[in-house]
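Single-structure report; data block below.
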Amino acid sequence: DAGVIQSPRHEVTEMGQEVTLRCKPISGHNSLFWYRQTMMRGLELLIYFNNNVPIDDSGMPEDRFSAKMPNASFSTLKIQPSEPRDSAVYFCASSPFGTNEKLFFGSGTQLSVL
Amino acid sequence: DAKTTQPPSMDCAEGRAANLPCNHSTISGNEYVYWYRQIHSQGPQYIIHGLKNNETNEMASLIITEDRKSSTLILPHATLRDTAVYYCIVSSGGSNYKLTFGKGTLLTVNP
């Protein structure tokens, strides 16, 4: 199993540009999570999906952030427009049916907004 | 959710056992204790979890006190590759529950 796959690994963009982060969960997992990690705030849960349906997006910082899961094997996190304070490592994780505690994380996307 | 308290950092000599404590004095009866770790520049990795009995797997052992107010993660023979931030999380579980990570303990394994 290839694990959770995120792309790109690194993204450098300029303020105001649109950024799209991508995630492929482990096959058969039915829950998907987007986390953000910064030195100041640690690991924060942004949003999670069960069976492709958003369950809790209370961690999404503002309307500039949106996430979609069009099917069981793909999810995107979009920031439009991006701002320097969005610079962080964004992690995607998935979990098997019935439990949201045994998470399998991807390698993350390091986002730098200049 | 019950709050957890962990020391910010710990050191351990390579080859020795690393014992990482976690306090969760407000844990309720249906809440599990989960441990994750995050090696630098990687995503967090699940280690082990338990409810009230001690648990062991290929990575570590989890000792939960009888009153369940604290627990200890034991890495029996720490290696340099075990240097990481270790997170203790209390969770009631289920398909509609989300894990919240605290600041964790930075374990440094020294040669």
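Chain labels A, B, ... are given in the sequence in which chains occur in the structure tokens; within each chain residues are numbered consecutively from 1, and ligands are likewise numbered from 1 in the order shown.
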Excluding Glu62 in chain A and its own-chain neighbours fewer than 6 positions away, which residues fall within 12 Å of it when counting only C-alpha atoms? Please give them as a ChimeraX atom specification. /A:46-47,78-83,86
Just all heavy atoms for this one: save the residues we selected as a PDB file, in the first residue's frame.
```
ATOM      1  N   LEU A  46      -8.563  21.115  10.171  1.00  0.00           N
ATOM      2  CA  LEU A  46      -9.313  22.080   9.361  1.00  0.00           C
ATOM      3  C   LEU A  46     -10.700  21.552   9.022  1.00  0.00           C
ATOM      4  O   LEU A  46     -11.709  22.236   9.216  1.00  0.00           O
ATOM      5  CB  LEU A  46      -8.544  22.389   8.074  1.00  0.00           C
ATOM      6  CG  LEU A  46      -7.151  22.976   8.237  1.00  0.00           C
ATOM      7  CD1 LEU A  46      -6.494  23.179   6.876  1.00  0.00           C
ATOM      8  CD2 LEU A  46      -7.202  24.286   9.005  1.00  0.00           C
ATOM      9  N   ILE A  47     -10.756  20.332   8.505  1.00  0.00           N
ATOM     10  CA  ILE A  47     -12.021  19.764   8.059  1.00  0.00           C
ATOM     11  C   ILE A  47     -11.860  18.253   7.963  1.00  0.00           C
ATOM     12  O   ILE A  47     -10.745  17.759   7.784  1.00  0.00           O
ATOM     13  CB  ILE A  47     -12.432  20.339   6.676  1.00  0.00           C
ATOM     14  CG1 ILE A  47     -13.807  19.844   6.231  1.00  0.00           C
ATOM     15  CG2 ILE A  47     -11.379  20.023   5.621  1.00  0.00           C
ATOM     16  CD1 ILE A  47     -14.329  20.550   4.981  1.00  0.00           C
ATOM     17  N   LYS A  78      -8.348  24.034  -1.195  1.00  0.00           N
ATOM     18  CA  LYS A  78      -8.042  25.194  -2.020  1.00  0.00           C
ATOM     19  C   LYS A  78      -8.009  26.458  -1.165  1.00  0.00           C
ATOM     20  O   LYS A  78      -8.846  26.636  -0.249  1.00  0.00           O
ATOM     21  CB  LYS A  78      -9.084  25.336  -3.125  1.00  0.00           C
ATOM     22  CG  LYS A  78      -8.818  26.449  -4.124  1.00  0.00           C
ATOM     23  CD  LYS A  78      -9.847  26.434  -5.248  1.00  0.00           C
ATOM     24  CE  LYS A  78      -9.738  25.200  -6.102  1.00  0.00           C
ATOM     25  NZ  LYS A  78     -10.638  25.245  -7.279  1.00  0.00           N
ATOM     26  N   ILE A  79      -7.051  27.307  -1.453  1.00  0.00           N
ATOM     27  CA  ILE A  79      -6.954  28.605  -0.777  1.00  0.00           C
ATOM     28  C   ILE A  79      -6.973  29.668  -1.868  1.00  0.00           C
ATOM     29  O   ILE A  79      -6.146  29.664  -2.767  1.00  0.00           O
ATOM     30  CB  ILE A  79      -5.646  28.738   0.036  1.00  0.00           C
ATOM     31  CG1 ILE A  79      -5.471  27.554   0.985  1.00  0.00           C
ATOM     32  CG2 ILE A  79      -5.675  30.045   0.842  1.00  0.00           C
ATOM     33  CD1 ILE A  79      -4.118  27.513   1.681  1.00  0.00           C
ATOM     34  N   GLN A  80      -7.973  30.546  -1.792  1.00  0.00           N
ATOM     35  CA  GLN A  80      -8.110  31.580  -2.807  1.00  0.00           C
ATOM     36  C   GLN A  80      -8.771  32.817  -2.217  1.00  0.00           C
ATOM     37  O   GLN A  80      -9.934  32.736  -1.791  1.00  0.00           O
ATOM     38  CB  GLN A  80      -8.942  31.053  -3.973  1.00  0.00           C
ATOM     39  CG  GLN A  80      -9.449  32.096  -4.960  1.00  0.00           C
ATOM     40  CD  GLN A  80      -8.363  32.847  -5.691  1.00  0.00           C
ATOM     41  OE1 GLN A  80      -7.230  32.398  -5.741  1.00  0.00           O
ATOM     42  NE2 GLN A  80      -8.697  33.996  -6.250  1.00  0.00           N
ATOM     43  N   PRO A  81      -8.099  33.943  -2.151  1.00  0.00           N
ATOM     44  CA  PRO A  81      -6.685  34.154  -2.475  1.00  0.00           C
ATOM     45  C   PRO A  81      -5.784  33.785  -1.307  1.00  0.00           C
ATOM     46  O   PRO A  81      -6.192  33.868  -0.147  1.00  0.00           O
ATOM     47  CB  PRO A  81      -6.636  35.660  -2.740  1.00  0.00           C
ATOM     48  CG  PRO A  81      -7.677  36.212  -1.802  1.00  0.00           C
ATOM     49  CD  PRO A  81      -8.784  35.178  -1.764  1.00  0.00           C
ATOM     50  N   SER A  82      -4.569  33.389  -1.599  1.00  0.00           N
ATOM     51  CA  SER A  82      -3.635  33.018  -0.542  1.00  0.00           C
ATOM     52  C   SER A  82      -3.016  34.261   0.098  1.00  0.00           C
ATOM     53  O   SER A  82      -2.908  35.323  -0.530  1.00  0.00           O
ATOM     54  CB  SER A  82      -2.540  32.100  -1.092  1.00  0.00           C
ATOM     55  OG  SER A  82      -1.850  32.738  -2.142  1.00  0.00           O
ATOM     56  N   GLU A  83      -2.624  34.107   1.373  1.00  0.00           N
ATOM     57  CA  GLU A  83      -1.989  35.183   2.116  1.00  0.00           C
ATOM     58  C   GLU A  83      -0.748  34.620   2.812  1.00  0.00           C
ATOM     59  O   GLU A  83      -0.680  33.408   3.072  1.00  0.00           O
ATOM     60  CB  GLU A  83      -2.947  35.760   3.155  1.00  0.00           C
ATOM     61  CG  GLU A  83      -4.182  36.430   2.549  1.00  0.00           C
ATOM     62  CD  GLU A  83      -5.092  37.050   3.585  1.00  0.00           C
ATOM     63  OE1 GLU A  83      -4.745  37.003   4.797  1.00  0.00           O
ATOM     64  OE2 GLU A  83      -6.150  37.591   3.195  1.00  0.00           O
ATOM     65  N   ASP A  86      -0.961  32.080   5.582  1.00  0.00           N
ATOM     66  CA  ASP A  86      -1.378  30.715   5.260  1.00  0.00           C
ATOM     67  C   ASP A  86      -0.173  29.777   5.144  1.00  0.00           C
ATOM     68  O   ASP A  86      -0.345  28.559   4.997  1.00  0.00           O
ATOM     69  CB  ASP A  86      -2.149  30.681   3.936  1.00  0.00           C
ATOM     70  CG  ASP A  86      -3.383  31.556   3.965  1.00  0.00           C
ATOM     71  OD1 ASP A  86      -3.976  31.743   5.054  1.00  0.00           O
ATOM     72  OD2 ASP A  86      -3.765  32.082   2.897  1.00  0.00           O
TER      73      ASP A  86
END
```
Which chain A residues are at most 8 Å from chain B (counting only C-alpha atoms), as JSON, numbers by chain? {"A": [42, 43, 44, 45, 48, 50, 55, 91, 97, 98, 99, 100, 101, 102, 103, 104, 105, 106, 107, 108]}
Could you tell me how far CA of Thr72 in chain B lies from CA of Ser9 in chain B, in Å and to one decimal? 14.5 Å
12 Å contact set for Thr109 in chain A, only C-alpha atoms, chain neighbours under 2 positions out, as an NGL selection string: (:A and (5-12 or 19-23 or 34-37 or 76-77 or 87-92 or 105-107 or 111-112)) or (:B and (41-43))
Take the residues from that selection and write them out as a short mmCIF file (atom, residue, chain, number, x, y, z; two decimals), in the first residue's frame, keeping N, CA, C and O atoms.
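Here's the written file part03.cif:
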```
data_model
loop_
_atom_site.label_atom_id
_atom_site.label_comp_id
_atom_site.auth_asym_id
_atom_site.auth_seq_id
_atom_site.Cartn_x
_atom_site.Cartn_y
_atom_site.Cartn_z
N ILE A 5 -1.20 9.80 -0.17
CA ILE A 5 -0.33 10.52 -1.10
C ILE A 5 -0.79 11.97 -1.23
O ILE A 5 -1.95 12.23 -1.54
N GLN A 6 0.13 12.88 -0.98
CA GLN A 6 -0.18 14.30 -1.10
C GLN A 6 0.69 14.93 -2.18
O GLN A 6 1.84 14.54 -2.37
N SER A 7 0.12 15.90 -2.85
CA SER A 7 0.89 16.66 -3.83
C SER A 7 0.42 18.10 -3.86
O SER A 7 -0.76 18.38 -3.58
N PRO A 8 1.31 19.03 -4.16
CA PRO A 8 2.75 18.83 -4.28
C PRO A 8 3.41 18.70 -2.91
O PRO A 8 2.76 18.93 -1.89
N ARG A 9 4.67 18.34 -2.84
CA ARG A 9 5.38 18.29 -1.56
C ARG A 9 5.73 19.69 -1.09
O ARG A 9 5.72 19.98 0.11
N HIS A 10 6.04 20.54 -2.04
CA HIS A 10 6.38 21.93 -1.73
C HIS A 10 5.66 22.85 -2.71
O HIS A 10 5.55 22.52 -3.89
N GLU A 11 5.17 23.97 -2.20
CA GLU A 11 4.50 24.94 -3.05
C GLU A 11 4.92 26.32 -2.59
O GLU A 11 4.76 26.67 -1.41
N VAL A 12 5.45 27.09 -3.52
CA VAL A 12 5.79 28.48 -3.24
C VAL A 12 4.96 29.34 -4.18
O VAL A 12 4.96 29.13 -5.39
N VAL A 19 -4.18 28.52 -4.56
CA VAL A 19 -3.37 27.34 -4.25
C VAL A 19 -4.30 26.14 -4.12
O VAL A 19 -5.34 26.23 -3.44
N THR A 20 -3.93 25.04 -4.74
CA THR A 20 -4.70 23.81 -4.61
C THR A 20 -3.79 22.68 -4.14
O THR A 20 -2.80 22.37 -4.79
N LEU A 21 -4.15 22.11 -3.01
CA LEU A 21 -3.42 20.98 -2.46
C LEU A 21 -4.25 19.72 -2.69
O LEU A 21 -5.48 19.75 -2.58
N ARG A 22 -3.56 18.62 -2.97
CA ARG A 22 -4.26 17.40 -3.36
C ARG A 22 -3.92 16.24 -2.43
O ARG A 22 -2.81 16.18 -1.88
N CYS A 23 -4.86 15.33 -2.31
CA CYS A 23 -4.68 14.19 -1.42
C CYS A 23 -5.38 12.96 -1.98
O CYS A 23 -6.54 13.03 -2.40
N TRP A 34 -8.06 16.97 6.85
CA TRP A 34 -7.05 17.96 6.50
C TRP A 34 -6.61 18.68 7.78
O TRP A 34 -7.45 19.24 8.51
N TYR A 35 -5.30 18.65 8.03
CA TYR A 35 -4.71 19.35 9.17
C TYR A 35 -3.73 20.39 8.65
O TYR A 35 -3.16 20.26 7.57
N ARG A 36 -3.49 21.41 9.48
CA ARG A 36 -2.49 22.42 9.19
C ARG A 36 -1.55 22.50 10.40
O ARG A 36 -2.02 22.45 11.55
N GLN A 37 -0.25 22.62 10.13
CA GLN A 37 0.70 22.70 11.24
C GLN A 37 1.61 23.91 11.09
O GLN A 37 2.24 24.11 10.04
N THR A 76 -9.32 17.72 -2.38
CA THR A 76 -8.53 18.93 -2.58
C THR A 76 -8.82 19.93 -1.49
O THR A 76 -9.91 19.98 -0.93
N LEU A 77 -7.79 20.71 -1.17
CA LEU A 77 -7.92 21.85 -0.27
C LEU A 77 -7.45 23.07 -1.06
O LEU A 77 -6.33 23.09 -1.55
N SER A 87 1.01 30.33 5.21
CA SER A 87 2.22 29.51 5.12
C SER A 87 2.25 28.51 6.27
O SER A 87 2.14 28.89 7.44
N ALA A 88 2.39 27.25 5.92
CA ALA A 88 2.31 26.17 6.90
C ALA A 88 2.57 24.85 6.19
O ALA A 88 2.71 24.80 4.97
N VAL A 89 2.60 23.77 6.98
CA VAL A 89 2.59 22.44 6.39
C VAL A 89 1.16 21.91 6.50
O VAL A 89 0.57 21.93 7.58
N TYR A 90 0.64 21.47 5.39
CA TYR A 90 -0.73 20.95 5.34
C TYR A 90 -0.66 19.43 5.20
O TYR A 90 -0.05 18.90 4.28
N PHE A 91 -1.30 18.76 6.15
CA PHE A 91 -1.31 17.30 6.14
C PHE A 91 -2.71 16.79 5.82
O PHE A 91 -3.71 17.33 6.29
N CYS A 92 -2.72 15.73 5.07
CA CYS A 92 -3.94 14.97 4.81
C CYS A 92 -3.79 13.63 5.53
O CYS A 92 -2.68 13.07 5.59
N PHE A 105 -1.29 9.40 8.11
CA PHE A 105 -0.98 10.71 7.56
C PHE A 105 -0.12 10.62 6.31
O PHE A 105 0.72 9.71 6.18
N GLY A 106 -0.32 11.59 5.44
CA GLY A 106 0.57 11.76 4.31
C GLY A 106 1.83 12.50 4.73
O GLY A 106 1.99 12.86 5.90
N SER A 107 2.70 12.77 3.76
CA SER A 107 3.97 13.43 4.06
C SER A 107 3.84 14.94 4.14
O SER A 107 4.79 15.62 4.50
N LEU A 111 3.71 24.73 2.32
CA LEU A 111 3.23 25.88 1.56
C LEU A 111 3.91 27.15 2.05
O LEU A 111 3.89 27.45 3.24
N SER A 112 4.46 27.90 1.11
CA SER A 112 5.05 29.20 1.42
C SER A 112 4.37 30.24 0.54
O SER A 112 4.42 30.13 -0.69
N SER B 41 9.69 16.67 10.05
CA SER B 41 9.36 16.81 8.63
C SER B 41 8.48 15.69 8.09
O SER B 41 8.31 15.59 6.87
N GLN B 42 7.93 14.88 8.98
CA GLN B 42 7.01 13.83 8.54
C GLN B 42 5.63 14.05 9.15
O GLN B 42 5.46 14.84 10.09
N GLY B 43 4.64 13.35 8.61
CA GLY B 43 3.32 13.37 9.21
C GLY B 43 3.29 12.54 10.48
O GLY B 43 4.11 11.64 10.67
#
```
Between CA of Thr5 in chain B and CA of Ser31 in chain A, what is the distance, to one decimal in Å?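 Atom-to-atom, CA of Thr5 in chain B to CA of Ser31 in chain A, that is 27.7 Å.
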I want to know what sits within 8 Å of Ser25 in chain B, based on only C-alpha atoms, with residues of the same chain fewer than 2 positions away left out; could you give that as a list in words?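 Near neighbours after the sequence-gap exclusion: Ala2, Lys3, Thr4, Asn23, Ile27, Arg68, Lys69 and Ser70 of chain B.
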Saved selection, atoms kept: C-alpha atoms, as a PDB file, in the first residue's frame:
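What follows is the written file selection.pdb:
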```pdb
ATOM      1  CA  ALA B   2     -10.404  15.178  28.599  1.00  0.00           C
ATOM      2  CA  LYS B   3      -7.308  17.349  28.540  1.00  0.00           C
ATOM      3  CA  THR B   4      -3.845  15.817  28.614  1.00  0.00           C
ATOM      4  CA  ASN B  23      -1.683  12.925  32.746  1.00  0.00           C
ATOM      5  CA  ILE B  27     -10.735  11.172  31.486  1.00  0.00           C
ATOM      6  CA  ARG B  68      -6.998   5.781  34.366  1.00  0.00           C
ATOM      7  CA  LYS B  69      -5.844   9.259  35.307  1.00  0.00           C
ATOM      8  CA  SER B  70      -2.421   8.800  33.809  1.00  0.00           C
TER       9      SER B  70
END
```
